[in-house]
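Chemist: Here's a structure for you.
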Amino acid sequence: MRIGFLGLGGMGLPMALNLVRAGHEVSAWNRTSSRADAVRAAGGQVAGTAADAAEGAELVLTMLADDAAVSAVVFGDEATEGFLRALPRGAVHACTSTISVALSRRLAQAHAKHDQGYVAAPVFGRPQAAEAGQLTVVAAGAPAARARCREALEALGQTVHELGDDAPAANVVKLAGNFLIAGMMEALAEAFALGRKSGVDAAKLLEILNGGLVRSPLYQSYGTMMAQERFEPAGFKLSLGLKDMRLALAAADAAAVPMPLASLVHDHLLSGAARGWGDRDWTAMSRILSEAAGL
Ligand SMILES: NC(=O)c1ccc[n+]([C@@H]2O[C@H](COP(=O)([O-])OP(=O)(O)OC[C@H]3O[C@@H](n4cnc5c(N)ncnc54)[C@H](OP(=O)(O)O)[C@@H]3O)[C@@H](O)[C@H]2O)c1
């Protein structure tokens with residue numbers, strides 16, 4: 001399949017490489033062009049602009065940072081020529097970034113106007129899972145558009161959940177999921193602060209608690225990073241986690257759903273960003289709870 005792949009960051013690069021390895025004809029583009037060298041070396045094409053990558057494509061996948069980046073790359077801005085007009089009629093845009101429900105709705109409408117398909121396909125899993133082709137994908141959009149991108153999404157993820165016709169519903173699931181993870185991190189960080197302040201080793205605390213009643217793969221992976229205070233290099237940047245809490249709260253506000261825990265986690269991540277920790281892993285949020293305890 002002819003695929004344009006836009007955005008080769010921590011997640012996008014391993015995803016694009018998996019599509020090349022799966023035998024797709026990939027034309028990749030990234031704002032910082034040196035990131036595309038690895039795609040060329042793996043046998044993919046490198047496009048000079050996002051619009052060039054979309055030209056003649058059957059499917060365009062985007063894996064960009066946030067709403068601003070996705071808007072710039074789809075609709076264009078002073079720095080970037082958007083790909084909306086270059087994407088052929090009948091082709092599909094699958095947006096795998098974590099973006100707002102509102103932008104997802106706008107994208108569905110804009111692509112429909114251009115006789116193109118749109119699938120919201122946000123993913124769960126960190127860069128290592130992307131490398132291993134083991135992401136969990138949640139796909140929503142018109143059935144024909146979903147069918148068009150299914151094979152490509154299966155090359156990226158061990159599980160592809162199909163969620164129906166309403167594209168923004170997939171973004172709601174993604175935001176709800178990241179909120180849940182952040183809430184678990186908050187609980188774990190508070191438990192670690194109590195343990196540490198009381199002289200209990202964090203690794204031991206994790207081993208005991210995760211060995212039984214509250215066992216979770218998330219507590220295992222995030223808990224180990226928190227116990228070791230190993231926040232760099234970031235798998236998922238604190239600035240992006242903060243973005244996701246903002247998006248979850250915006251979706252909650254639009255739906256009139258109070259989410260007090262999301263507000264609390266948002267403020268803790270904001271404190272991390274204010275300390276200049278935006279490029280650290282978002283598990284660095286646990287330091288905020290430690291500092292609050294005088295540790
Ligand atoms: N990391 C994770 O564990 C994870 C897991 C699931 C979902 N996500 C979501 O996946 C998306 C990407 O995350 P990531 O970790 O890959 O982020 P990242 O490493 O920071 O990469 C961000 C990408 O967006 C591009 N970009 C940023 N602003 C842009 C702009 N204005 N115009 C064009 N391109 C722009 C960057 O280009 P440059 O290289 O030029 O900066 C880069 O390709 C985010 O929405 C994130 O929330 C991440």
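Numbering starts fresh at 1 for the residues of each chain in the structure tokens, the chains themselves are lettered A, B, ... in the order given, and ligands are numbered from 1 as they appear.
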Which polymer residues have any atom within 12 Å of an atom of A:Ala144, counting only C-alpha atoms, with same-chain residues fewer than 4 positions away left out, as a compact mmCIF listing (two decimals) with C-alpha atoms, in the first residue's frame?
Modeler:
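What landed in selection.txt:
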# COMPACT_ATOMS: atom_id res chain seq x y z
CA GLY A 90 -10.85 8.46 -1.73
CA ALA A 91 -7.61 8.29 0.28
CA VAL A 92 -7.68 8.10 4.07
CA GLN A 116 -11.34 11.76 1.73
CA GLY A 117 -11.73 9.35 4.64
CA TYR A 118 -10.68 10.11 8.21
CA VAL A 119 -9.97 7.63 10.99
CA ALA A 140 -13.01 4.97 14.83
CA ARG A 148 -8.79 0.83 4.19
CA CYS A 149 -6.28 1.35 7.01
CA ARG A 150 -6.80 -1.89 8.95
CA GLY A 164 -17.59 2.53 15.28
CA ASP A 165 -18.31 5.44 12.95
Chemist: Go through the chains and note each residue within 9 Å of ligand 1, using only C-alpha atoms and all ligand atoms, then give the set as a ChimeraX atom specification.
Modeler: /A:6-13,29-35,50,62-73,77,79-80,96-99,122-130,135,174,178,234-237,239-241,243-244,279
Chemist: Check the DSSP output for the backbone and give back, as a PDB file with C-alpha atoms, in the first residue's frame, the residues of stretch 56-261 of chain A in strand (DSSP E).
Modeler:
ATOM      1  CA  LEU A  59      -3.293   6.345   3.239  1.00  0.00           C
ATOM      2  CA  VAL A  60      -1.585   9.058   5.282  1.00  0.00           C
ATOM      3  CA  LEU A  61      -0.692   8.326   8.889  1.00  0.00           C
ATOM      4  CA  THR A  62       0.166  11.230  11.190  1.00  0.00           C
ATOM      5  CA  VAL A  92      -7.676   8.103   4.074  1.00  0.00           C
ATOM      6  CA  HIS A  93      -5.977  10.079   6.854  1.00  0.00           C
ATOM      7  CA  ALA A  94      -5.461   8.031  10.038  1.00  0.00           C
ATOM      8  CA  CYS A  95      -4.411  10.307  12.888  1.00  0.00           C
ATOM      9  CA  GLY A 117     -11.728   9.353   4.639  1.00  0.00           C
ATOM     10  CA  TYR A 118     -10.677  10.114   8.212  1.00  0.00           C
ATOM     11  CA  VAL A 119      -9.970   7.633  10.988  1.00  0.00           C
ATOM     12  CA  ALA A 120      -9.029   8.614  14.527  1.00  0.00           C
ATOM     13  CA  VAL A 123      -2.429   4.402  20.296  1.00  0.00           C
ATOM     14  CA  PHE A 124      -1.492   3.076  23.729  1.00  0.00           C
ATOM     15  CA  LEU A 135       0.849  -0.894  20.317  1.00  0.00           C
ATOM     16  CA  THR A 136      -2.824  -1.016  21.193  1.00  0.00           C
ATOM     17  CA  VAL A 137      -4.756   0.947  18.576  1.00  0.00           C
ATOM     18  CA  VAL A 138      -8.281   2.333  18.970  1.00  0.00           C
ATOM     19  CA  ALA A 139      -9.793   3.097  15.553  1.00  0.00           C
ATOM     20  CA  ALA A 140     -13.014   4.967  14.828  1.00  0.00           C
ATOM     21  CA  GLY A 141     -14.395   6.418  11.603  1.00  0.00           C
ATOM     22  CA  GLY A 157      -0.291  -2.930  16.942  1.00  0.00           C
ATOM     23  CA  GLN A 158      -0.911  -6.275  18.530  1.00  0.00           C
ATOM     24  CA  THR A 159      -4.528  -5.189  19.087  1.00  0.00           C
ATOM     25  CA  VAL A 160      -6.717  -2.951  16.951  1.00  0.00           C
ATOM     26  CA  HIS A 161      -9.992  -2.069  18.668  1.00  0.00           C
ATOM     27  CA  GLU A 162     -12.677  -0.883  16.247  1.00  0.00           C
TER      28      GLU A 162
END
Chemist: Using only C-alpha atoms for the distances, tell me which of A:Phe83, A:Phe231, A:Trp277, A:Phe75 is nearest to A:Phe5.
Modeler: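 Of the candidates, the smallest distance to A:Phe5 is held by A:Phe83.
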Chemist: Separation of atom CA of A:Val20 and atom CA of A:Gly133, in Å?
Modeler: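 For atom CA of A:Val20 relative to atom CA of A:Gly133, the distance reads 12.1 Å.
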Chemist: Just give me the gap between atom CA of A:Gly278 and atom CA of A:Leu238 in Å, one decimal is fine.
Modeler: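 Answer for the atom CA of A:Gly278 to atom CA of A:Leu238 separation: 4.9 Å.
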Chemist: Show me, as number ranges by chain, the residues that have an atom within 8 Å of stretch 182-194 of chain A when counting only C-alpha atoms, minus same-chain residues fewer than 3 positions from it.
Modeler: A: 178-179, 197-198, 202, 205, 219, 222-223, 226-227, 261-262, 265, 283, 285-287, 289-290, 293, 295
Chemist: Restricting the output to N, CA and C atoms, write the selected residues as a PDB file, in the first residue's frame.
Modeler:
ATOM      1  N   ASN A 178      -5.345   7.660  29.277  1.00  0.00           N
ATOM      2  CA  ASN A 178      -4.178   8.363  29.832  1.00  0.00           C
ATOM      3  C   ASN A 178      -4.502   9.003  31.174  1.00  0.00           C
ATOM      4  N   PHE A 179      -5.764   9.418  31.338  1.00  0.00           N
ATOM      5  CA  PHE A 179      -6.185   9.929  32.646  1.00  0.00           C
ATOM      6  C   PHE A 179      -6.058   8.824  33.702  1.00  0.00           C
ATOM      7  N   LYS A 197       9.272   8.611  53.402  1.00  0.00           N
ATOM      8  CA  LYS A 197       9.343   9.493  54.573  1.00  0.00           C
ATOM      9  C   LYS A 197       9.386   8.660  55.855  1.00  0.00           C
ATOM     10  N   SER A 198       8.858   7.442  55.764  1.00  0.00           N
ATOM     11  CA  SER A 198       8.800   6.566  56.939  1.00  0.00           C
ATOM     12  C   SER A 198       9.943   5.548  56.940  1.00  0.00           C
ATOM     13  N   ALA A 202      11.548   2.315  48.465  1.00  0.00           N
ATOM     14  CA  ALA A 202      10.480   2.369  47.460  1.00  0.00           C
ATOM     15  C   ALA A 202      10.408   1.077  46.639  1.00  0.00           C
ATOM     16  N   LEU A 205       8.712  -1.541  48.719  1.00  0.00           N
ATOM     17  CA  LEU A 205       7.274  -1.232  48.807  1.00  0.00           C
ATOM     18  C   LEU A 205       6.557  -1.706  47.535  1.00  0.00           C
ATOM     19  N   TYR A 219       1.802  -0.507  37.312  1.00  0.00           N
ATOM     20  CA  TYR A 219       2.539  -0.261  38.548  1.00  0.00           C
ATOM     21  C   TYR A 219       3.961  -0.811  38.404  1.00  0.00           C
ATOM     22  N   TYR A 222       5.851   1.701  35.466  1.00  0.00           N
ATOM     23  CA  TYR A 222       5.981   3.079  35.956  1.00  0.00           C
ATOM     24  C   TYR A 222       6.542   3.102  37.380  1.00  0.00           C
ATOM     25  N   GLY A 223       6.113   2.122  38.192  1.00  0.00           N
ATOM     26  CA  GLY A 223       6.572   2.078  39.581  1.00  0.00           C
ATOM     27  C   GLY A 223       8.083   1.896  39.660  1.00  0.00           C
ATOM     28  N   MET A 226       9.711   5.162  38.886  1.00  0.00           N
ATOM     29  CA  MET A 226       9.557   6.097  40.013  1.00  0.00           C
ATOM     30  C   MET A 226      10.444   5.695  41.188  1.00  0.00           C
ATOM     31  N   ALA A 227      10.505   4.395  41.476  1.00  0.00           N
ATOM     32  CA  ALA A 227      11.308   3.929  42.610  1.00  0.00           C
ATOM     33  C   ALA A 227      12.780   4.265  42.377  1.00  0.00           C
ATOM     34  N   LEU A 261      -9.996  14.302  40.009  1.00  0.00           N
ATOM     35  CA  LEU A 261      -8.655  13.703  40.024  1.00  0.00           C
ATOM     36  C   LEU A 261      -7.832  14.196  38.827  1.00  0.00           C
ATOM     37  N   ALA A 262      -8.488  14.361  37.680  1.00  0.00           N
ATOM     38  CA  ALA A 262      -7.769  14.875  36.496  1.00  0.00           C
ATOM     39  C   ALA A 262      -7.249  16.289  36.764  1.00  0.00           C
ATOM     40  N   VAL A 265      -4.113  15.930  39.029  1.00  0.00           N
ATOM     41  CA  VAL A 265      -2.950  15.438  38.285  1.00  0.00           C
ATOM     42  C   VAL A 265      -2.445  16.519  37.328  1.00  0.00           C
ATOM     43  N   THR A 283       6.712  10.275  34.514  1.00  0.00           N
ATOM     44  CA  THR A 283       6.799   9.692  35.859  1.00  0.00           C
ATOM     45  C   THR A 283       7.532  10.645  36.821  1.00  0.00           C
ATOM     46  N   MET A 285       6.599  13.262  37.646  1.00  0.00           N
ATOM     47  CA  MET A 285       5.548  13.839  38.492  1.00  0.00           C
ATOM     48  C   MET A 285       5.688  13.372  39.941  1.00  0.00           C
ATOM     49  N   SER A 286       6.238  12.163  40.143  1.00  0.00           N
ATOM     50  CA  SER A 286       6.359  11.621  41.508  1.00  0.00           C
ATOM     51  C   SER A 286       7.280  12.497  42.367  1.00  0.00           C
ATOM     52  N   ARG A 287       8.229  13.199  41.719  1.00  0.00           N
ATOM     53  CA  ARG A 287       9.136  14.098  42.469  1.00  0.00           C
ATOM     54  C   ARG A 287       8.349  15.236  43.126  1.00  0.00           C
ATOM     55  N   LEU A 289       5.394  15.053  44.391  1.00  0.00           N
ATOM     56  CA  LEU A 289       4.813  14.528  45.632  1.00  0.00           C
ATOM     57  C   LEU A 289       5.896  14.338  46.684  1.00  0.00           C
ATOM     58  N   SER A 290       7.110  13.930  46.239  1.00  0.00           N
ATOM     59  CA  SER A 290       8.221  13.773  47.179  1.00  0.00           C
ATOM     60  C   SER A 290       8.591  15.127  47.773  1.00  0.00           C
ATOM     61  N   ALA A 293       6.458  16.411  50.375  1.00  0.00           N
ATOM     62  CA  ALA A 293       6.662  15.741  51.659  1.00  0.00           C
ATOM     63  C   ALA A 293       8.016  16.111  52.271  1.00  0.00           C
ATOM     64  N   LEU A 295      10.919  15.702  50.857  1.00  0.00           N
ATOM     65  CA  LEU A 295      11.969  14.721  50.533  1.00  0.00           C
ATOM     66  C   LEU A 295      12.857  15.219  49.403  1.00  0.00           C
TER      67      LEU A 295
END
Chemist: Work out how far atom CA of A:Glu154 is from atom CA of A:Ala51, in Å to one decimal.
Modeler: 24.9 Å
Chemist: Would you mind telling me which residue in A:His114, A:Arg2, A:Arg21, A:Arg40 lies nearest to A:Glu55 when using only C-alpha atoms?
Modeler: A:Arg2
Chemist: Here is a test: counting only C-alpha atoms, which residue of A:Leu107, A:Ile208, A:Leu153, A:Val101 is nearest to A:Ala170?
Modeler: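 Answer, going by the shortest atom-to-atom distance: A:Val101.
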Chemist: My list of candidates is A:Leu17, A:Ala284, A:Ile181, A:Leu247. Which is closest to A:Leu218 when distances are computed with only C-alpha atoms?
Modeler: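 Between A:Leu17, A:Ala284, A:Ile181, A:Leu247, the residue approaching A:Leu218 most closely is A:Ile181.
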